[in-house]
Amino acid sequence: MRAAVLEEYEEPLAIRDVERPSPDPDGVVARVDACGVCRSDWHGWVGNWEWFDYKPPRGHILGHEPSGTVVEVGEDVESVSEGDEVAIPFNFACGHCHECRVGYENLCENHLGLGFQEGAPGAFAEEVPIPHADINAVPLPDGVDQVEVAGMGCRYMTAYRGMAHQADVSRGEYVVIYGLGGIGLSAVQIANALGGNVIGVDLMDEKLEMAAELGAVATVDGSEVDDPVEEVRDITDGGAHVSLDALGIEETCKNAVNSLRTRGRHVQIGLTTKEQHGYNSLPTDTIVMNEIEINGSSGLPPSKYGEMFRMVEHGKLDPGAIITDEIGLEGVTDELEAMTDYQTVGIPVVTQFA
């Protein structure tokens, strides 16, 4: 089968034939129908994240935002059948550890990172193996499109968890989002659907315009104002109730926290690069004196997919509106290169594999 293989960091991915996978007894193999190209793929492509064991080895297949159709089923699988269309989480859960048993499969103690770690070859390929399929292969309901599910992938579901669960966005609250890439734009749409009044902050006109189309009540061009924090505080009459840093750089992280009013809730989704090596400075005294709540968000437990899918089924969420390009495997490297300077808009999705 054809796959996009990481042969050297920051060099074009090699599109070549590799051996097709076989399912474990408790796993399945799915034909990849679509796979998003995410900034997390960029982190893997440049060789980030060794500090938490997510630096993919050379020779690894990247890609972690797939949807697919089951083509082969292991003998111990009970809930998935050949021909089922499935969503596939990017953190493969074991289904047996404490976190899995209490409904936090996204934080599985034995998880494997799809497209990043040994034992979990990625989905920039014609087929992908899914271990522990009874928990990691989530059947799609009617009315949810395969390409849209790939767009949900890592970014949309993580933004959903951040806005709906971690921040628990409520009606009428101000939500400020720093960084309007795939995560940020997903969060704009989701927070808007939950009743929030969203403010998007970025440096690119195209991204600011797309945020407005997705429901932002205001946008701030960080390149045109002296202080985006003061701009946000003026718009919100004292600060947002919820903030999200979707980039992971020190400036946006600090600005997001400083944009909050007292007892505000900050959600961190953006991750760091080699320069920061896992750490950003935060306004500690402000956090203490204003009783700011800090939350992380990493994926969505498969047991919670149903609530998100129901909102998609009934038109309250539209992940397809954030998909901007459908490409082939040969186009993945171009998208990754564009991400170096934050030039991609929306979510590109691979739909051509052969």
# chains A, B, ... in the order shown; residues from 1 in each chain; ligands from 1
$ residues_around --residues "Gly103 in chain A" --least-positions-apart "6" --cutoff "9 Å" --atoms "only C-alpha atoms" --output "ChimeraX atom specification"
/A:301-304
$ select_by_dssp --residues "range 124-259 of chain A" --states "strand (DSSP E)" --output "list of chain:residue names"
A:Glu127, A:Val128, A:Pro129, A:Ile130, A:Val138, A:Pro139, A:Tyr174, A:Val175, A:Val176, A:Ile177, A:Tyr178, A:Asn197, A:Val198, A:Ile199, A:Gly200, A:Val201, A:Asp202, A:Ala218, A:Thr219, A:Val220, A:Asp221, A:Ala240, A:His241, A:Val242, A:Ser243, A:Leu244, A:Asp245
$ select_by_dssp --residues "range 290-331 of chain A" --states "helix (DSSP H, G or I)" --output "list in words"
Pro302, Ser303, Lys304, Tyr305, Gly306, Glu307, Met308, Phe309, Arg310, Met311, Val312, Glu313, Pro319, Gly320, Ala321, Ile322, Leu329, Glu330 and Gly331 of chain A
$ closest_residue --among "A:Pro57, A:Gly115, A:Gly195, A:Gly36" --to "Lys316 in chain A" --atoms "only C-alpha atoms"
A:Gly195
$ residues_around --residues "range 244-246 of chain A" --least-positions-apart "5" --cutoff "10 Å" --atoms "only C-alpha atoms" --output "MDAnalysis selection string"
chainID A and resid 155 159 162:163 167 175:185 187 200:201 251:257 259 265:271 295:296
$ write_last_selection --atoms "N, CA, C and O atoms" --output "compact mmCIF listing (two decimals), in the first residue's frame"
# COMPACT_ATOMS: atom_id res chain seq x y z
N ARG A 155 -7.91 18.12 16.15
CA ARG A 155 -8.15 19.53 16.48
C ARG A 155 -9.58 19.79 16.93
O ARG A 155 -9.82 20.42 17.96
N ALA A 159 -10.71 20.74 20.67
CA ALA A 159 -11.38 22.02 20.90
C ALA A 159 -12.75 21.81 21.53
O ALA A 159 -13.17 22.58 22.42
N GLY A 162 -12.23 21.05 25.12
CA GLY A 162 -11.80 22.26 25.81
C GLY A 162 -12.93 23.22 26.10
O GLY A 162 -13.06 23.76 27.20
N MET A 163 -13.80 23.43 25.11
CA MET A 163 -14.88 24.39 25.27
C MET A 163 -16.07 23.80 26.04
O MET A 163 -16.63 24.44 26.93
N ALA A 167 -13.72 24.01 29.95
CA ALA A 167 -14.13 25.38 30.28
C ALA A 167 -15.62 25.47 30.60
O ALA A 167 -16.06 26.39 31.27
N VAL A 175 -15.64 34.53 25.27
CA VAL A 175 -14.59 33.53 25.06
C VAL A 175 -13.58 34.12 24.09
O VAL A 175 -13.93 34.47 22.96
N VAL A 176 -12.31 34.26 24.52
CA VAL A 176 -11.28 34.79 23.64
C VAL A 176 -10.36 33.66 23.22
O VAL A 176 -9.94 32.85 24.04
N ILE A 177 -10.07 33.61 21.93
CA ILE A 177 -9.26 32.54 21.36
C ILE A 177 -8.06 33.14 20.66
O ILE A 177 -8.19 33.91 19.70
N TYR A 178 -6.88 32.81 21.16
CA TYR A 178 -5.62 33.29 20.59
C TYR A 178 -5.06 32.22 19.65
O TYR A 178 -4.75 31.11 20.06
N GLY A 179 -4.97 32.57 18.36
CA GLY A 179 -4.47 31.66 17.35
C GLY A 179 -5.61 30.99 16.61
O GLY A 179 -6.31 30.15 17.17
N LEU A 180 -5.81 31.36 15.35
CA LEU A 180 -6.97 30.90 14.59
C LEU A 180 -6.55 29.92 13.49
O LEU A 180 -6.96 30.04 12.34
N GLY A 181 -5.74 28.95 13.88
CA GLY A 181 -5.48 27.80 13.02
C GLY A 181 -6.63 26.82 13.14
O GLY A 181 -7.75 27.19 13.52
N GLY A 182 -6.37 25.55 12.84
CA GLY A 182 -7.45 24.56 12.87
C GLY A 182 -8.10 24.43 14.24
O GLY A 182 -9.33 24.34 14.35
N ILE A 183 -7.30 24.41 15.31
CA ILE A 183 -7.85 24.32 16.66
C ILE A 183 -8.66 25.57 16.98
O ILE A 183 -9.80 25.51 17.47
N GLY A 184 -8.05 26.73 16.74
CA GLY A 184 -8.73 27.98 17.10
C GLY A 184 -10.03 28.18 16.37
O GLY A 184 -11.04 28.57 16.98
N LEU A 185 -10.05 27.91 15.06
CA LEU A 185 -11.29 28.07 14.30
C LEU A 185 -12.34 27.04 14.74
O LEU A 185 -13.53 27.36 14.79
N ALA A 187 -12.62 25.89 17.73
CA ALA A 187 -13.12 26.40 19.01
C ALA A 187 -14.07 27.57 18.84
O ALA A 187 -15.03 27.71 19.60
N GLY A 200 -11.88 36.37 18.36
CA GLY A 200 -10.72 35.69 17.78
C GLY A 200 -9.56 36.64 17.61
O GLY A 200 -9.74 37.78 17.17
N VAL A 201 -8.37 36.17 17.98
CA VAL A 201 -7.16 36.99 17.88
C VAL A 201 -6.15 36.27 17.00
O VAL A 201 -5.82 35.10 17.23
N GLU A 251 4.02 34.13 24.21
CA GLU A 251 3.27 35.37 24.10
C GLU A 251 1.77 35.12 24.12
O GLU A 251 1.02 35.79 24.84
N THR A 252 1.29 34.18 23.31
CA THR A 252 -0.15 33.94 23.25
C THR A 252 -0.66 33.30 24.54
O THR A 252 -1.78 33.57 24.97
N CYS A 253 0.16 32.48 25.15
CA CYS A 253 -0.23 31.85 26.41
C CYS A 253 -0.44 32.92 27.50
O CYS A 253 -1.46 32.94 28.19
N LYS A 254 0.53 33.81 27.64
CA LYS A 254 0.42 34.87 28.65
C LYS A 254 -0.72 35.83 28.31
O LYS A 254 -1.49 36.23 29.20
N ASN A 255 -0.84 36.20 27.04
CA ASN A 255 -1.91 37.12 26.65
C ASN A 255 -3.28 36.52 26.92
O ASN A 255 -4.21 37.23 27.35
N ALA A 256 -3.43 35.23 26.66
CA ALA A 256 -4.72 34.58 26.90
C ALA A 256 -5.10 34.64 28.37
O ALA A 256 -6.24 34.98 28.73
N VAL A 257 -4.15 34.33 29.25
CA VAL A 257 -4.43 34.38 30.68
C VAL A 257 -4.70 35.81 31.13
O VAL A 257 -5.64 36.08 31.91
N SER A 259 -6.02 38.12 29.50
CA SER A 259 -7.27 38.63 28.92
C SER A 259 -8.49 38.26 29.76
O SER A 259 -9.61 38.67 29.43
N ARG A 265 -11.54 31.22 33.27
CA ARG A 265 -11.05 29.86 33.02
C ARG A 265 -10.20 29.86 31.76
O ARG A 265 -10.69 30.25 30.70
N HIS A 266 -8.96 29.43 31.90
CA HIS A 266 -8.06 29.34 30.75
C HIS A 266 -7.95 27.89 30.29
O HIS A 266 -7.80 26.98 31.11
N VAL A 267 -7.99 27.69 28.98
CA VAL A 267 -7.78 26.37 28.39
C VAL A 267 -6.52 26.40 27.54
O VAL A 267 -6.37 27.27 26.67
N GLN A 268 -5.62 25.47 27.80
CA GLN A 268 -4.38 25.37 27.03
C GLN A 268 -4.45 24.15 26.11
O GLN A 268 -4.60 23.02 26.58
N ILE A 269 -4.37 24.40 24.81
CA ILE A 269 -4.33 23.31 23.83
C ILE A 269 -3.04 23.36 23.03
O ILE A 269 -2.45 22.33 22.73
N GLY A 270 -2.57 24.56 22.68
CA GLY A 270 -1.32 24.67 21.93
C GLY A 270 -0.16 24.10 22.72
O GLY A 270 -0.04 24.33 23.92
N LEU A 271 0.69 23.33 22.03
CA LEU A 271 1.85 22.70 22.64
C LEU A 271 3.14 23.38 22.19
O LEU A 271 3.17 24.08 21.18
N ASN A 295 -6.81 24.93 32.67
CA ASN A 295 -7.23 23.60 32.22
C ASN A 295 -6.47 23.21 30.97
O ASN A 295 -6.27 24.02 30.07
N GLY A 296 -6.08 21.95 30.88
CA GLY A 296 -5.57 21.40 29.64
C GLY A 296 -6.68 20.67 28.90
O GLY A 296 -7.72 20.33 29.47
$ closest_residue --among "A:Asn197, A:Glu209, A:Arg20, A:Val77" --to "Ile235 in chain A" --atoms "only C-alpha atoms"
A:Asn197
$ closest_residue --among "A:Leu247, A:Ala240, A:Leu203, A:Ile61" --to "Phe124 in chain A" --atoms "only C-alpha atoms"
A:Ile61
$ closest_residue --among "A:Gly320, A:Gly68, A:Gly278, A:Gly196" --to "Asp53 in chain A" --atoms "only C-alpha atoms"
A:Gly278
$ residues_around --residues "Glu335 in chain A" --least-positions-apart "4" --cutoff "10 Å" --atoms "only C-alpha atoms" --output "list in words"
Val37, Cys38, Arg39, Asp41, Trp42, Ile327, Glu330, Gly331, Met339, Thr340, Gln343, Thr344, Ile347, Pro348 and Val349 of chain A
$ decode --residues "range 114-223 of chain A" --atoms "C-alpha atoms" --output "PDB file, in the first residue's frame"
ATOM      1  CA  LEU A 114      -1.250   7.344  16.414  1.00  0.00           C
ATOM      2  CA  GLY A 115       1.345   8.500  13.898  1.00  0.00           C
ATOM      3  CA  PHE A 116       3.866   9.412  16.599  1.00  0.00           C
ATOM      4  CA  GLN A 117       4.925   6.352  18.567  1.00  0.00           C
ATOM      5  CA  GLU A 118       6.301   2.908  17.767  1.00  0.00           C
ATOM      6  CA  GLY A 119       3.458   0.421  17.490  1.00  0.00           C
ATOM      7  CA  ALA A 120       1.045   3.004  16.056  1.00  0.00           C
ATOM      8  CA  PRO A 121       1.847   3.638  12.374  1.00  0.00           C
ATOM      9  CA  GLY A 122      -0.081   6.638  11.142  1.00  0.00           C
ATOM     10  CA  ALA A 123      -2.859   7.242   8.656  1.00  0.00           C
ATOM     11  CA  PHE A 124      -1.141   9.036   5.787  1.00  0.00           C
ATOM     12  CA  ALA A 125      -1.564   5.637   4.168  1.00  0.00           C
ATOM     13  CA  GLU A 126      -4.141   3.558   2.354  1.00  0.00           C
ATOM     14  CA  GLU A 127      -4.823   1.493   5.488  1.00  0.00           C
ATOM     15  CA  VAL A 128      -4.266   1.892   9.222  1.00  0.00           C
ATOM     16  CA  PRO A 129      -4.312  -0.702  12.036  1.00  0.00           C
ATOM     17  CA  ILE A 130      -6.498   0.078  15.064  1.00  0.00           C
ATOM     18  CA  PRO A 131      -5.651  -1.794  18.300  1.00  0.00           C
ATOM     19  CA  HIS A 132      -8.290  -2.493  20.978  1.00  0.00           C
ATOM     20  CA  ALA A 133     -10.921  -1.798  18.342  1.00  0.00           C
ATOM     21  CA  ASP A 134     -13.907  -2.168  20.652  1.00  0.00           C
ATOM     22  CA  ILE A 135     -12.884   1.143  22.226  1.00  0.00           C
ATOM     23  CA  ASN A 136     -10.790   2.819  19.482  1.00  0.00           C
ATOM     24  CA  ALA A 137     -12.966   2.259  16.405  1.00  0.00           C
ATOM     25  CA  VAL A 138     -16.080   4.386  16.901  1.00  0.00           C
ATOM     26  CA  PRO A 139     -18.924   3.635  14.440  1.00  0.00           C
ATOM     27  CA  LEU A 140     -20.218   6.729  12.662  1.00  0.00           C
ATOM     28  CA  PRO A 141     -23.908   7.597  12.932  1.00  0.00           C
ATOM     29  CA  ASP A 142     -25.971   8.332   9.848  1.00  0.00           C
ATOM     30  CA  GLY A 143     -25.556  11.868   8.600  1.00  0.00           C
ATOM     31  CA  VAL A 144     -21.922  12.282   9.696  1.00  0.00           C
ATOM     32  CA  ASP A 145     -19.596  12.535   6.709  1.00  0.00           C
ATOM     33  CA  GLN A 146     -16.249  10.701   6.534  1.00  0.00           C
ATOM     34  CA  VAL A 147     -14.345  13.784   5.390  1.00  0.00           C
ATOM     35  CA  GLU A 148     -15.898  15.886   8.144  1.00  0.00           C
ATOM     36  CA  VAL A 149     -14.824  13.297  10.706  1.00  0.00           C
ATOM     37  CA  ALA A 150     -11.234  13.539   9.475  1.00  0.00           C
ATOM     38  CA  GLY A 151     -11.582  17.291   9.908  1.00  0.00           C
ATOM     39  CA  MET A 152     -12.700  16.640  13.482  1.00  0.00           C
ATOM     40  CA  GLY A 153      -9.672  14.432  14.060  1.00  0.00           C
ATOM     41  CA  CYS A 154      -7.396  15.816  16.734  1.00  0.00           C
ATOM     42  CA  ARG A 155      -8.149  19.527  16.481  1.00  0.00           C
ATOM     43  CA  TYR A 156     -11.927  19.627  16.465  1.00  0.00           C
ATOM     44  CA  MET A 157     -12.443  17.025  19.181  1.00  0.00           C
ATOM     45  CA  THR A 158      -9.773  18.610  21.385  1.00  0.00           C
ATOM     46  CA  ALA A 159     -11.377  22.023  20.897  1.00  0.00           C
ATOM     47  CA  TYR A 160     -14.764  20.468  21.677  1.00  0.00           C
ATOM     48  CA  ARG A 161     -13.495  18.983  24.920  1.00  0.00           C
ATOM     49  CA  GLY A 162     -11.801  22.259  25.814  1.00  0.00           C
ATOM     50  CA  MET A 163     -14.884  24.386  25.274  1.00  0.00           C
ATOM     51  CA  ALA A 164     -17.682  21.988  26.304  1.00  0.00           C
ATOM     52  CA  HIS A 165     -16.033  20.065  29.149  1.00  0.00           C
ATOM     53  CA  GLN A 166     -12.928  21.768  30.482  1.00  0.00           C
ATOM     54  CA  ALA A 167     -14.133  25.382  30.282  1.00  0.00           C
ATOM     55  CA  ASP A 168     -17.854  24.498  30.297  1.00  0.00           C
ATOM     56  CA  VAL A 169     -18.694  27.557  28.193  1.00  0.00           C
ATOM     57  CA  SER A 170     -22.050  28.974  29.234  1.00  0.00           C
ATOM     58  CA  ARG A 171     -24.630  31.178  27.543  1.00  0.00           C
ATOM     59  CA  GLY A 172     -23.526  34.773  27.059  1.00  0.00           C
ATOM     60  CA  GLU A 173     -19.969  34.314  28.290  1.00  0.00           C
ATOM     61  CA  TYR A 174     -17.106  35.991  26.495  1.00  0.00           C
ATOM     62  CA  VAL A 175     -14.589  33.527  25.056  1.00  0.00           C
ATOM     63  CA  VAL A 176     -11.282  34.793  23.641  1.00  0.00           C
ATOM     64  CA  ILE A 177      -9.263  32.538  21.361  1.00  0.00           C
ATOM     65  CA  TYR A 178      -5.625  33.286  20.589  1.00  0.00           C
ATOM     66  CA  GLY A 179      -4.469  31.656  17.353  1.00  0.00           C
ATOM     67  CA  LEU A 180      -6.971  30.898  14.589  1.00  0.00           C
ATOM     68  CA  GLY A 181      -5.480  27.805  13.022  1.00  0.00           C
ATOM     69  CA  GLY A 182      -7.446  24.556  12.875  1.00  0.00           C
ATOM     70  CA  ILE A 183      -7.852  24.321  16.658  1.00  0.00           C
ATOM     71  CA  GLY A 184      -8.725  27.975  17.102  1.00  0.00           C
ATOM     72  CA  LEU A 185     -11.289  28.069  14.300  1.00  0.00           C
ATOM     73  CA  SER A 186     -12.846  24.838  15.575  1.00  0.00           C
ATOM     74  CA  ALA A 187     -13.115  26.396  19.013  1.00  0.00           C
ATOM     75  CA  VAL A 188     -14.759  29.515  17.534  1.00  0.00           C
ATOM     76  CA  GLN A 189     -17.516  27.427  15.991  1.00  0.00           C
ATOM     77  CA  ILE A 190     -17.967  25.198  19.044  1.00  0.00           C
ATOM     78  CA  ALA A 191     -17.981  28.004  21.629  1.00  0.00           C
ATOM     79  CA  ASN A 192     -20.465  29.901  19.490  1.00  0.00           C
ATOM     80  CA  ALA A 193     -22.728  26.820  19.338  1.00  0.00           C
ATOM     81  CA  LEU A 194     -22.546  26.553  23.132  1.00  0.00           C
ATOM     82  CA  GLY A 195     -23.792  30.145  23.494  1.00  0.00           C
ATOM     83  CA  GLY A 196     -20.492  31.957  23.985  1.00  0.00           C
ATOM     84  CA  ASN A 197     -19.629  35.374  22.561  1.00  0.00           C
ATOM     85  CA  VAL A 198     -16.333  34.638  20.804  1.00  0.00           C
ATOM     86  CA  ILE A 199     -13.432  36.985  20.128  1.00  0.00           C
ATOM     87  CA  GLY A 200     -10.724  35.692  17.777  1.00  0.00           C
ATOM     88  CA  VAL A 201      -7.161  36.993  17.883  1.00  0.00           C
ATOM     89  CA  ASP A 202      -4.644  36.394  15.093  1.00  0.00           C
ATOM     90  CA  LEU A 203      -2.253  38.145  12.697  1.00  0.00           C
ATOM     91  CA  MET A 204      -3.718  36.986   9.356  1.00  0.00           C
ATOM     92  CA  ASP A 205      -6.696  38.648   7.684  1.00  0.00           C
ATOM     93  CA  GLU A 206      -7.920  35.371   6.136  1.00  0.00           C
ATOM     94  CA  LYS A 207      -8.067  33.661   9.507  1.00  0.00           C
ATOM     95  CA  LEU A 208      -9.809  36.603  11.158  1.00  0.00           C
ATOM     96  CA  GLU A 209     -12.373  36.683   8.357  1.00  0.00           C
ATOM     97  CA  MET A 210     -13.010  32.952   8.684  1.00  0.00           C
ATOM     98  CA  ALA A 211     -13.476  33.326  12.440  1.00  0.00           C
ATOM     99  CA  ALA A 212     -16.151  35.943  11.812  1.00  0.00           C
ATOM    100  CA  GLU A 213     -17.869  33.621   9.323  1.00  0.00           C
ATOM    101  CA  LEU A 214     -17.845  30.861  11.957  1.00  0.00           C
ATOM    102  CA  GLY A 215     -19.570  33.030  14.554  1.00  0.00           C
ATOM    103  CA  ALA A 216     -17.016  35.279  16.265  1.00  0.00           C
ATOM    104  CA  VAL A 217     -18.684  38.468  17.499  1.00  0.00           C
ATOM    105  CA  ALA A 218     -15.390  40.365  17.255  1.00  0.00           C
ATOM    106  CA  THR A 219     -11.850  39.842  15.982  1.00  0.00           C
ATOM    107  CA  VAL A 220      -8.537  41.430  16.926  1.00  0.00           C
ATOM    108  CA  ASP A 221      -5.638  41.755  14.504  1.00  0.00           C
ATOM    109  CA  GLY A 222      -2.610  41.459  16.750  1.00  0.00           C
ATOM    110  CA  SER A 223      -0.420  43.150  14.143  1.00  0.00           C
TER     111      SER A 223
END
